Amino acid sequence: MEHQILTFYDWVAKLSSSELVALILIVTLPLVFLIVYALVAILGELKISAFIQERLGPMRTGPWGIIQPVAEVVKLLQKEDITPDAANKPLFNMAPFLMFTAAYAGFAVIPFSSHFVPAGINLGLFYIFAMGSLAVIGLVMGGWASNNKYSLLGALRSVAQIVSYEIPAAIVILSIVVLASSMNLQVINANQGGWFWNWYVFGGPGSIWKLLVIPFTFGMFLLYLIASLAETNRTPFDIPEGESEIVAGYHTEYSGMKFAMFFFAEYANMFVVAALLSILFFGGWNSPFGDFMNGPIWGVFWFISKSFFFVFVQIWLRWTLPRLRVDQLMGVSWKVMTPVAFLCFFAVGLWAMLK
Amino acid sequence: MDLITIIFYFFAVLIVASAAVVVFSKNIMYSAFALLFTFFGVAAIYVLLNADFLALTQIMIYIGGILVLIIFGVMLTTRITGVDIKSGLMGKMQIGITGAALAILTITMGVMYSNVKWFTRDSEPLKDTISPIGRMLLTDYLLAFEAASVLLLIAIIGAAMIARRKKNIN
């Protein structure tokens, strides 16, 4: 960013006159947020699925069952920690932690507000993408170490799926980089300031001619939405954990706390892709209405509500759509999404050149 | 010792320890997974050297690409043949040759280290590495860049050719 702003980090460092306090605070705050968010998302998952299926969902724990997620977490914590006899113990125990580390590492560059980002590096977008590829190893490790054919099949499917869908997702992200001419998530956000028609889903800031590029940017948004569903193993792309075929996929053998780690990692991943969607296409922490309710504190509100909306979309789709077959899944990625992503990339590149 | 030094030593120990696991582990799967920590540690060292783009490329390509390929290779061959692949024991001959080579290498490195006049950093580290890299790749090093991309394209086409369903010969 060109103009020097007093960030949250500087503010805490000044207030407590210690860099270390600021460092610890800026690293742990997203974790606190993640835990609260995961509880909200679990409740959301239960209640939204109930609403879609015309049930009530959990009603007994607290008013309307709102402390159900707390009860679930306590239950998981108390469960016996079972390691199967035939499993490869070191790798079996390491895999959930690796998954969670990879998922949480993505939070390092997510800008919650114009003044709060744990690490405002110039390569933010690339960083999130690199951390996504780290999660693949955790999946394979868990699937292989379980020594169970369903786990292994789940891991194989998952990796094949993530690696295939990374390609259209990467091309879409590259197109956004072309539009924003930066990989810094803060700069990408700042570029979309002002009213909501400056968001990249509507072609970014520009003259009336940007109407020509809107179909492509909107297409990019849809492509990334689909690819992000596949990358977080959510329905309709949840063949890695398709209950009707392979029990629970790569985490079949996991129970108790280690299962909870996988679970948290999945929810963390969901938030990371939802945050990325809101940053890349919907202005991140920018208010949709110009200067109305705009600012560093309101930024947190806008960013979190936009991201929560996309988490809601993921949950909504999960309970609405059926699961794809493996060959259809690969066909969609390679034969439809990759060519369309290339087309959008060319269109956006042309637009960025002529603009 | 400041924080950066502590982080450096942490990752240095991580790299050496995991590299030792890669080499000495009997279980080839452990070797493959230990490579993850080696690659990750090297990426961290790149970050400490202010080469952030290189670090992320390292994670992206070596961990996201090559390591997955290696693990798949090991995993699938183990499962198909039905026996766990173990790396073989070292013979006396190999140990002798390796030890001698290592000794010569250590002495050479020691001599080099004490004789070389090291360049010290005379300017501030770059705040932004990606845009100079991008500019250089598309101007001064365009030929190398294009040659690499054509090479990769040929590799992709070749891989697709090999993987294609063969027409029935009968």
# chains A, B, ... in the order shown; residues from 1 in each chain; ligands from 1

$ residues_around --residues "Ala155 of chain A" --least-positions-apart "4" --cutoff "6 Å" --atoms "only C-alpha atoms" --output "number ranges by chain"
A: 139-140, 143, 250

$ interface_residues --of "chain A" --to "chain B" --cutoff "8 Å" --atoms "only C-alpha atoms" --output "list in words"
Asn122, Leu123, Phe126, Tyr127, Phe129, Ala130, Met131, Ser133, Leu134, Val136, Ile137, Met141 and Trp144 of chain A

$ atom_distance --atom1 "atom CA of Ala44 of chain B" --atom2 "atom CA of Val27 of chain A"
17.4 Å

$ residues_around --residues "Leu35 of chain B" --least-positions-apart "3" --cutoff "8 Å" --atoms "only C-alpha atoms" --output "ChimeraX atom specification"
/B:18-19,22,31-32,38-39,67

$ decode --residues "segment 235-269 of chain A" --atoms "N, CA and C atoms" --output "compact mmCIF listing (two decimals), in the first residue's frame"
# COMPACT_ATOMS: atom_id res chain seq x y z
N THR A 235 -19.96 -31.34 -1.06
CA THR A 235 -20.91 -31.76 -2.08
C THR A 235 -21.12 -30.62 -3.06
N PRO A 236 -21.29 -30.81 -4.34
CA PRO A 236 -21.41 -32.08 -5.06
C PRO A 236 -20.08 -32.77 -5.37
N PHE A 237 -19.00 -32.33 -4.77
CA PHE A 237 -17.71 -32.94 -5.08
C PHE A 237 -17.17 -33.72 -3.90
N ASP A 238 -18.05 -34.35 -3.11
CA ASP A 238 -17.52 -35.03 -1.92
C ASP A 238 -17.33 -36.51 -2.15
N ILE A 239 -16.97 -36.92 -3.37
CA ILE A 239 -16.69 -38.34 -3.59
C ILE A 239 -15.57 -38.87 -2.70
N PRO A 240 -14.60 -38.03 -2.22
CA PRO A 240 -13.59 -38.61 -1.32
C PRO A 240 -14.19 -39.12 -0.03
N GLU A 241 -15.37 -38.63 0.37
CA GLU A 241 -15.97 -39.15 1.59
C GLU A 241 -17.40 -39.60 1.34
N GLY A 242 -17.64 -40.09 0.12
CA GLY A 242 -18.99 -40.51 -0.22
C GLY A 242 -19.43 -41.70 0.63
N GLU A 243 -20.41 -41.46 1.51
CA GLU A 243 -20.79 -42.50 2.48
C GLU A 243 -21.29 -43.75 1.79
N SER A 244 -22.01 -43.57 0.68
CA SER A 244 -22.62 -44.74 0.07
C SER A 244 -21.60 -45.62 -0.63
N GLU A 245 -20.41 -45.11 -0.86
CA GLU A 245 -19.42 -45.89 -1.60
C GLU A 245 -18.24 -46.31 -0.73
N ILE A 246 -17.66 -45.36 -0.01
CA ILE A 246 -16.42 -45.69 0.70
C ILE A 246 -16.48 -45.23 2.16
N VAL A 247 -17.56 -45.54 2.84
CA VAL A 247 -17.74 -45.23 4.26
C VAL A 247 -17.55 -43.73 4.52
N ALA A 248 -16.38 -43.32 5.00
CA ALA A 248 -16.17 -41.90 5.20
C ALA A 248 -14.88 -41.44 4.55
N GLY A 249 -14.37 -42.22 3.58
CA GLY A 249 -13.17 -41.81 2.88
C GLY A 249 -11.95 -41.80 3.78
N TYR A 250 -11.12 -40.80 3.59
CA TYR A 250 -9.79 -40.81 4.23
C TYR A 250 -9.88 -40.75 5.75
N HIS A 251 -10.98 -40.28 6.35
CA HIS A 251 -11.02 -40.26 7.81
C HIS A 251 -11.94 -41.34 8.40
N THR A 252 -12.06 -42.48 7.68
CA THR A 252 -12.88 -43.57 8.18
C THR A 252 -12.41 -44.06 9.55
N GLU A 253 -11.09 -44.20 9.71
CA GLU A 253 -10.55 -44.82 10.93
C GLU A 253 -10.37 -43.83 12.07
N TYR A 254 -10.62 -42.57 11.82
CA TYR A 254 -10.32 -41.58 12.85
C TYR A 254 -11.51 -41.40 13.77
N SER A 255 -11.19 -41.15 15.05
CA SER A 255 -12.25 -40.92 16.02
C SER A 255 -11.77 -39.88 17.02
N GLY A 256 -12.70 -39.41 17.84
CA GLY A 256 -12.34 -38.51 18.93
C GLY A 256 -11.68 -37.24 18.45
N MET A 257 -10.62 -36.86 19.14
CA MET A 257 -9.98 -35.56 18.89
C MET A 257 -9.37 -35.49 17.51
N LYS A 258 -8.84 -36.63 17.04
CA LYS A 258 -8.17 -36.58 15.73
C LYS A 258 -9.20 -36.39 14.62
N PHE A 259 -10.38 -36.98 14.82
CA PHE A 259 -11.45 -36.72 13.85
C PHE A 259 -11.84 -35.26 13.91
N ALA A 260 -11.89 -34.71 15.15
CA ALA A 260 -12.25 -33.31 15.29
C ALA A 260 -11.27 -32.40 14.56
N MET A 261 -9.98 -32.80 14.57
CA MET A 261 -8.98 -31.99 13.85
C MET A 261 -9.28 -31.97 12.35
N PHE A 262 -9.62 -33.15 11.79
CA PHE A 262 -9.98 -33.20 10.38
C PHE A 262 -11.20 -32.32 10.11
N PHE A 263 -12.13 -32.40 11.04
CA PHE A 263 -13.38 -31.66 10.91
C PHE A 263 -13.12 -30.15 10.92
N PHE A 264 -12.29 -29.73 11.91
CA PHE A 264 -11.94 -28.31 12.01
C PHE A 264 -11.19 -27.86 10.76
N ALA A 265 -10.31 -28.73 10.27
CA ALA A 265 -9.54 -28.38 9.07
C ALA A 265 -10.48 -28.16 7.90
N GLU A 266 -11.52 -29.01 7.80
CA GLU A 266 -12.46 -28.85 6.69
C GLU A 266 -13.20 -27.52 6.81
N TYR A 267 -13.63 -27.18 8.03
CA TYR A 267 -14.33 -25.92 8.20
C TYR A 267 -13.41 -24.73 7.99
N ALA A 268 -12.15 -24.87 8.43
CA ALA A 268 -11.19 -23.78 8.20
C ALA A 268 -10.98 -23.58 6.71
N ASN A 269 -10.87 -24.71 5.97
CA ASN A 269 -10.71 -24.60 4.52
C ASN A 269 -11.90 -23.94 3.87
